[in-house]
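Heads up, protein.cif below (mmCIF, C-alpha atoms):
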data_upload
#
loop_
_atom_site.label_atom_id
_atom_site.label_comp_id
_atom_site.auth_asym_id
_atom_site.auth_seq_id
_atom_site.Cartn_x
_atom_site.Cartn_y
_atom_site.Cartn_z
CA MET A 1 0.00 0.00 0.00
CA ARG A 2 2.78 2.39 0.93
CA ARG A 3 4.64 1.61 -2.29
CA ALA A 4 1.53 2.34 -4.32
CA VAL A 5 1.03 5.66 -2.54
CA PHE A 6 4.71 6.54 -3.00
CA ALA A 7 4.59 5.70 -6.71
CA ALA A 8 1.43 7.74 -7.15
CA GLY A 9 3.10 10.67 -5.38
CA LEU A 10 6.11 10.49 -7.69
CA GLY A 11 3.80 10.40 -10.68
CA LEU A 12 2.06 13.56 -9.52
CA ALA A 13 5.34 15.33 -8.68
CA ALA A 14 7.10 14.43 -11.94
CA PRO A 15 5.45 17.18 -14.03
CA LEU A 16 6.30 19.74 -11.35
CA LEU A 17 9.96 18.63 -11.22
CA THR A 18 10.18 18.69 -15.01
CA ALA A 19 8.64 22.16 -15.13
CA GLN A 20 11.23 23.43 -12.65
CA ALA A 21 14.18 21.90 -14.50
CA LYS A 22 16.33 24.36 -16.39
CA PRO A 23 17.26 24.09 -20.06
CA VAL A 24 20.73 22.93 -21.05
CA LEU A 25 23.11 24.48 -23.58
CA VAL A 26 25.10 22.28 -25.95
CA PRO A 27 27.64 24.62 -27.61
CA ASP A 28 30.48 23.99 -30.02
CA VAL A 29 32.96 25.95 -32.11
CA SER A 30 34.21 25.39 -35.64
CA GLN A 31 37.88 25.55 -34.65
CA ARG A 32 39.32 24.45 -31.31
CA ASN A 33 42.87 25.23 -32.44
CA ILE A 34 44.04 28.20 -34.53
CA ASP A 35 47.63 28.21 -35.80
CA ILE A 36 49.31 31.55 -36.51
CA ALA A 37 51.93 31.48 -39.27
CA TYR A 38 53.71 34.31 -41.07
CA SER A 39 50.84 34.51 -43.59
CA PHE A 40 48.10 34.69 -40.93
CA THR A 41 45.57 37.43 -41.78
CA GLY A 42 42.90 36.60 -39.25
CA ALA A 43 40.25 33.94 -38.81
CA GLU A 44 36.51 33.63 -38.47
CA LEU A 45 35.04 31.40 -35.79
CA LEU A 46 31.63 29.82 -36.17
CA LEU A 47 30.02 29.27 -32.78
CA PHE A 48 26.88 27.15 -32.80
CA GLY A 49 24.82 24.85 -30.64
CA ALA A 50 21.41 23.86 -29.38
CA VAL A 51 19.12 24.59 -26.45
CA LEU A 52 17.76 21.42 -24.87
CA ASP A 53 14.62 22.00 -22.83
CA PRO A 54 13.75 19.45 -20.13
CA GLY A 55 11.43 16.69 -21.22
CA GLY A 56 11.82 17.63 -24.86
CA ARG A 57 9.39 20.51 -24.46
CA SER A 58 9.37 23.31 -27.00
CA PRO A 59 10.28 26.79 -25.75
CA ARG A 60 7.39 28.98 -24.67
CA ASN A 61 6.34 31.52 -27.24
CA ASP A 62 5.66 34.14 -24.58
CA ALA A 63 9.28 33.95 -23.34
CA PRO A 64 11.62 34.69 -26.24
CA THR A 65 14.99 32.98 -26.14
CA ASP A 66 18.12 35.13 -26.27
CA VAL A 67 21.67 33.89 -26.63
CA VAL A 68 24.81 35.87 -25.80
CA ILE A 69 28.29 34.59 -26.68
CA VAL A 70 31.42 36.08 -25.11
CA VAL A 71 34.85 35.23 -26.51
CA LYS A 72 37.74 36.23 -24.23
CA GLY A 73 41.49 36.07 -24.66
CA PRO A 74 43.98 35.44 -21.85
CA THR A 75 44.25 38.20 -19.26
CA GLN A 76 47.41 40.28 -19.05
CA SER A 77 48.88 43.14 -17.08
CA ILE A 78 48.91 46.40 -19.03
CA VAL A 79 49.96 50.01 -18.46
CA ILE A 80 47.92 52.82 -20.05
CA ARG A 81 49.65 56.17 -20.47
CA GLU A 82 47.93 59.48 -20.98
CA LYS A 83 49.59 62.12 -23.14
CA GLU A 84 49.35 65.85 -22.67
CA LYS A 85 50.52 68.69 -24.90
CA VAL A 86 53.07 70.89 -23.14
CA ALA A 87 54.70 73.80 -24.98
CA GLY A 88 53.66 72.22 -28.28
CA ILE A 89 55.16 68.83 -27.43
CA TRP A 90 53.20 65.71 -26.51
CA VAL A 91 54.54 64.15 -23.29
CA ASN A 92 53.38 61.40 -20.94
CA ALA A 93 51.31 63.09 -18.24
CA GLY A 94 49.83 60.14 -16.36
CA ARG A 95 49.69 56.37 -16.25
CA LEU A 96 47.58 53.61 -14.77
CA ARG A 97 48.43 49.92 -14.56
CA TYR A 98 45.83 47.19 -14.70
CA ARG A 99 46.62 43.87 -13.02
CA SER A 100 44.40 41.92 -15.38
CA ALA A 101 42.65 42.92 -18.58
CA PRO A 102 41.44 40.60 -21.34
CA SER A 103 43.75 40.67 -24.35
CA PHE A 104 40.73 40.02 -26.57
CA TYR A 105 37.02 40.51 -25.93
CA ALA A 106 34.13 40.01 -28.35
CA VAL A 107 30.45 39.70 -27.48
CA ALA A 108 27.79 38.58 -29.95
CA SER A 109 24.12 38.65 -29.00
CA SER A 110 20.73 37.93 -30.54
CA ARG A 111 19.54 41.43 -29.60
CA PRO A 112 21.18 44.55 -28.19
CA LEU A 113 22.35 43.75 -24.67
CA ASP A 114 20.32 46.49 -22.99
CA GLN A 115 17.19 44.83 -24.40
CA VAL A 116 18.19 41.39 -23.11
CA VAL A 117 19.33 41.92 -19.50
CA ASP A 118 19.50 44.78 -17.04
CA ALA A 119 22.66 46.63 -16.03
CA ARG A 120 23.13 44.59 -12.85
CA THR A 121 23.06 41.27 -14.71
CA ARG A 122 25.41 42.61 -17.36
CA ALA A 123 27.88 43.61 -14.64
CA ILE A 124 27.67 40.20 -12.92
CA TYR A 125 28.42 38.25 -16.12
CA GLU A 126 30.55 40.95 -17.78
CA LEU A 127 28.28 41.20 -20.80
CA GLY A 128 29.38 44.17 -22.89
CA LEU A 129 32.34 46.50 -23.02
CA ASP A 130 30.79 48.85 -20.47
CA SER A 131 30.50 45.95 -18.00
CA LEU A 132 34.09 44.69 -18.06
CA GLN A 133 35.52 44.23 -14.56
CA LEU A 134 39.10 45.48 -14.83
CA SER A 135 41.57 45.57 -11.93
CA PRO A 136 43.50 48.86 -11.54
CA ALA A 137 46.69 48.41 -9.52
CA SER A 138 46.52 51.84 -7.85
CA ALA A 139 43.84 53.49 -5.73
CA GLU A 140 43.11 56.36 -8.07
CA PRO A 141 39.81 58.28 -7.82
CA SER A 142 36.94 56.64 -9.69
CA ALA A 143 36.81 59.49 -12.21
CA VAL A 144 40.47 58.90 -13.13
CA GLN A 145 39.96 55.14 -13.37
CA ASP A 146 36.93 55.61 -15.62
CA ARG A 147 38.93 57.91 -17.92
CA PHE A 148 41.78 55.43 -18.30
CA THR A 149 39.36 52.52 -18.73
CA ARG A 150 37.60 54.34 -21.57
CA GLY A 151 41.01 54.94 -23.13
CA LEU A 152 41.96 51.25 -22.85
CA VAL A 153 38.67 50.11 -24.40
CA ASP A 154 38.98 52.66 -27.19
CA LEU A 155 42.55 51.62 -28.03
CA ARG A 156 41.67 47.94 -28.23
CA ARG A 157 38.45 48.61 -30.09
CA ARG A 158 40.39 50.48 -32.78
CA ALA A 159 42.85 47.58 -32.99
CA GLY A 160 39.97 45.16 -33.53
CA LEU A 161 40.64 43.38 -30.23
CA PHE A 162 37.47 44.60 -28.47
CA TYR A 163 34.08 44.74 -30.15
CA GLU A 164 30.37 44.10 -29.76
CA ALA A 165 28.11 42.51 -32.38
CA PRO A 166 24.43 42.94 -31.45
CA GLY A 167 22.14 40.84 -33.61
CA ALA A 168 25.00 38.57 -34.73
CA VAL A 169 23.48 35.48 -33.07
CA GLU A 170 20.86 33.77 -35.22
CA ILE A 171 18.32 31.57 -33.42
CA THR A 172 16.17 29.02 -35.26
CA ASP A 173 12.89 27.91 -33.66
CA GLY A 174 14.23 28.84 -30.26
CA VAL A 175 16.46 25.75 -30.33
CA LEU A 176 19.41 26.10 -32.70
CA TYR A 177 21.74 29.09 -32.69
CA ARG A 178 24.87 30.22 -34.47
CA ALA A 179 27.13 33.24 -34.66
CA ARG A 180 30.38 34.28 -36.31
CA VAL A 181 33.21 36.03 -34.47
CA SER A 182 36.18 37.54 -36.28
CA ILE A 183 39.68 36.98 -34.94
CA PRO A 184 42.07 39.76 -36.13
CA ALA A 185 45.60 39.18 -37.37
CA ARG A 186 47.05 40.96 -34.31
CA VAL A 187 45.39 38.60 -31.84
CA PRO A 188 47.65 37.42 -28.99
CA VAL A 189 48.36 33.73 -28.51
CA GLY A 190 47.08 31.68 -25.59
CA ARG A 191 44.00 29.94 -24.23
CA PHE A 192 40.74 31.63 -25.25
CA THR A 193 37.27 30.88 -23.89
CA ALA A 194 33.92 31.03 -25.68
CA GLU A 195 31.15 31.30 -23.09
CA THR A 196 27.52 31.00 -24.16
CA PHE A 197 24.61 32.31 -22.07
CA LEU A 198 20.96 31.36 -22.48
CA ILE A 199 18.66 34.17 -21.35
CA ARG A 200 14.88 34.32 -20.97
CA ASP A 201 12.79 36.99 -19.28
CA GLY A 202 16.02 38.86 -18.48
CA ARG A 203 17.39 35.91 -16.47
CA VAL A 204 20.44 33.80 -17.26
CA LEU A 205 19.14 30.23 -17.22
CA ALA A 206 22.18 28.34 -18.49
CA ALA A 207 25.82 28.87 -19.44
CA ALA A 208 28.47 26.72 -21.08
CA VAL A 209 32.15 27.23 -21.98
CA ARG A 210 34.35 25.93 -24.77
CA ASP A 211 38.13 26.46 -24.92
CA ILE A 212 40.01 27.67 -27.99
CA ASP A 213 43.81 27.52 -28.34
CA ILE A 214 45.52 30.13 -30.50
CA ARG A 215 49.20 29.37 -30.99
CA LYS A 216 52.08 30.16 -33.28
CA SER A 217 53.21 27.56 -35.80
CA GLY A 218 56.23 26.96 -37.98
CA PHE A 219 59.28 29.22 -37.57
CA GLU A 220 57.28 31.76 -35.54
CA ARG A 221 56.51 29.06 -32.96
CA PHE A 222 60.19 28.06 -32.78
CA VAL A 223 61.25 31.67 -32.16
CA ALA A 224 58.55 32.21 -29.53
CA GLN A 225 59.46 29.01 -27.67
CA ALA A 226 63.17 29.83 -27.81
CA ALA A 227 62.56 33.30 -26.36
CA ASP A 228 60.37 31.86 -23.61
CA ARG A 229 62.40 28.80 -22.60
CA HIS A 230 65.95 30.00 -23.26
CA ALA A 231 65.76 33.76 -22.78
CA ILE A 232 69.50 34.34 -22.18
CA LEU A 233 70.66 32.26 -25.14
CA TYR A 234 68.00 33.82 -27.33
CA GLY A 235 69.14 37.32 -26.35
CA LEU A 236 72.81 36.53 -27.01
CA PHE A 237 71.95 35.01 -30.38
CA ALA A 238 69.85 38.05 -31.34
CA VAL A 239 72.71 40.42 -30.43
CA ALA A 240 75.25 38.32 -32.33
CA LEU A 241 72.98 38.14 -35.38
CA SER A 242 72.50 41.92 -35.32
CA VAL A 243 76.26 42.51 -35.16
CA LEU A 244 76.85 40.04 -37.99
CA LEU A 245 74.22 41.62 -40.22
CA GLY A 246 75.58 45.11 -39.47
CA TRP A 247 79.12 44.02 -40.35
CA ALA A 248 77.90 42.38 -43.58
CA ALA A 249 75.99 45.51 -44.57
CA GLY A 250 79.09 47.64 -43.90
CA ARG A 251 81.28 45.38 -46.05
CA ILE A 252 78.78 45.51 -48.91
CA ALA A 253 78.61 49.31 -48.67
CA VAL A 254 82.43 49.62 -48.79
CA ARG A 255 82.68 47.42 -51.89
CA THR A 256 80.03 49.38 -53.75
#

Please re-express this file's structure in structure tokens.
Amino acid sequence: MRRAVFAAGLGLAAPLLTAQAKPVLVPDVSQRNIDIAYSFTGAELLLFGAVLDPGGRSPRNDAPTDVVIVVKGPTQSIVIREKEKVAGIWVNAGRLRYRSAPSFYAVASSRPLDQVVDARTRAIYELGLDSLQLSPASAEPSAVQDRFTRGLVDLRRRAGLFYEAPGAVEITDGVLYRARVSIPARVPVGRFTAETFLIRDGRVLAAAVRDIDIRKSGFERFVAQAADRHAILYGLFAVALSVLLGWAAGRIAVRT
């Protein structure tokens, strides 16, 4: 009797448990490894995936599905200098060092971010250039920090290393999605992450991450590894090569 009552209770509770279950993201990326050679002019990543709702249910029509994809490069310490014109000459007037700043940041979304989530949620998940959580190394006033942060974002935006792409994520039937993210030729090497967020009613319901390795290949990789693993020998070789090339250029100039 108790077993029958327990089974009946589970049967009644199953729809409620299924309704409370959250959807799951299944993301992927077209390239997990990107090799940079001397002829590298950039790459284009295709990020795609599916939204699996619990129990195979179709997404509700009254709750539109939004997808936001954030691609980040490895963090690095950076110093931003501010120039000022003194007596007609541009000189360094101030500087601010950041302990960690993403070397690359791109965000693609199905709609403009301010239409998808509020400012608080954007700040929590760092969705958008205005929501990046940078780490200044000095206790400067907030107005100074904001000025230098705007300068950092502007510099990297002009270099193609920071950008936003609202509307770049295409969603089919609320289930399949895809987006393209451009990787510039000047991209740094290292471990990148592509994080996908599923958003409904302004709430982040699911998130998933895929790693992307960008590395040098061929002779460029050999030089980079030599400089990293054998810094002293690499420096001595570079100096010797410079002296040799200078001497050879001088001899050629004398003969001509």

Matched chain/residue IDs from the PyMOL selection byres ((chain A and resi 148) around 10), as a count of residues only = 22

Nearest residue to A:Gly49 from the set A:Gly250, A:Pro166, A:Gly174, A:Gly190 (distances using only C-alpha atoms) =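 So, comparing all the options, the nearest one is A:Gly174.
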
message = Please determine, counting all atoms listed in the file, which residue among A:Gln133, A:Asn33, A:Thr65, A:Thr41 has the shortest atom-to-atom distance to A:Asp173.
response =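 Going through A:Gln133, A:Asn33, A:Thr65, A:Thr41 one by one, the smallest distance to A:Asp173 is for A:Thr65.
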
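The nearest approach to A:Arg99 among the residues A:Ile171, A:Leu134, A:Val24, A:Ala43, with all atoms listed in the file taken into account, belongs to A:Leu134.
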
request  = Measuring atom to atom with all atoms listed in the file, identify which of A:Ala240, A:Ala137, A:Ala159, A:Leu127 is nearest to A:Val107.
outcome  =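 That would be A:Leu127, the residue with the smallest distance to A:Val107.
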
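When the PyMOL selection byres ((chain A and resi 183) around 10) is evaluated against the file, it yields Ile34, Thr41, Gly42, Ala43, Glu44, Leu45, Val71, Phe104, Ala106, Gly160, Leu161, Arg180, Val181, Ser182, Pro184, Ala185, Arg186, Val187 and Pro188 of chain A.
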
key: Who sits within 12 Å of A:Val67, all atoms listed in the file, same chain under 3 positions skipped, as number ranges by chain   = A: 25, 27, 47-51, 64, 70, 107-113, 116-117, 127, 166-172, 174-179, 195-208

query = With all atoms listed in the file as the atoms that count, which of A:Ile214, A:Ala119, A:Val209, A:Ile252 lies nearest to A:Arg191?
reply =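 That would be A:Ile214, the residue with the smallest distance to A:Arg191.
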
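Residue selection for this entry, given the PyMOL selection byres ((chain A and resi 32) around 8), comprises Val29, Ser30, Gln31, Asn33, Ile34, Asp211, Ile212 and Asp213 of chain A.
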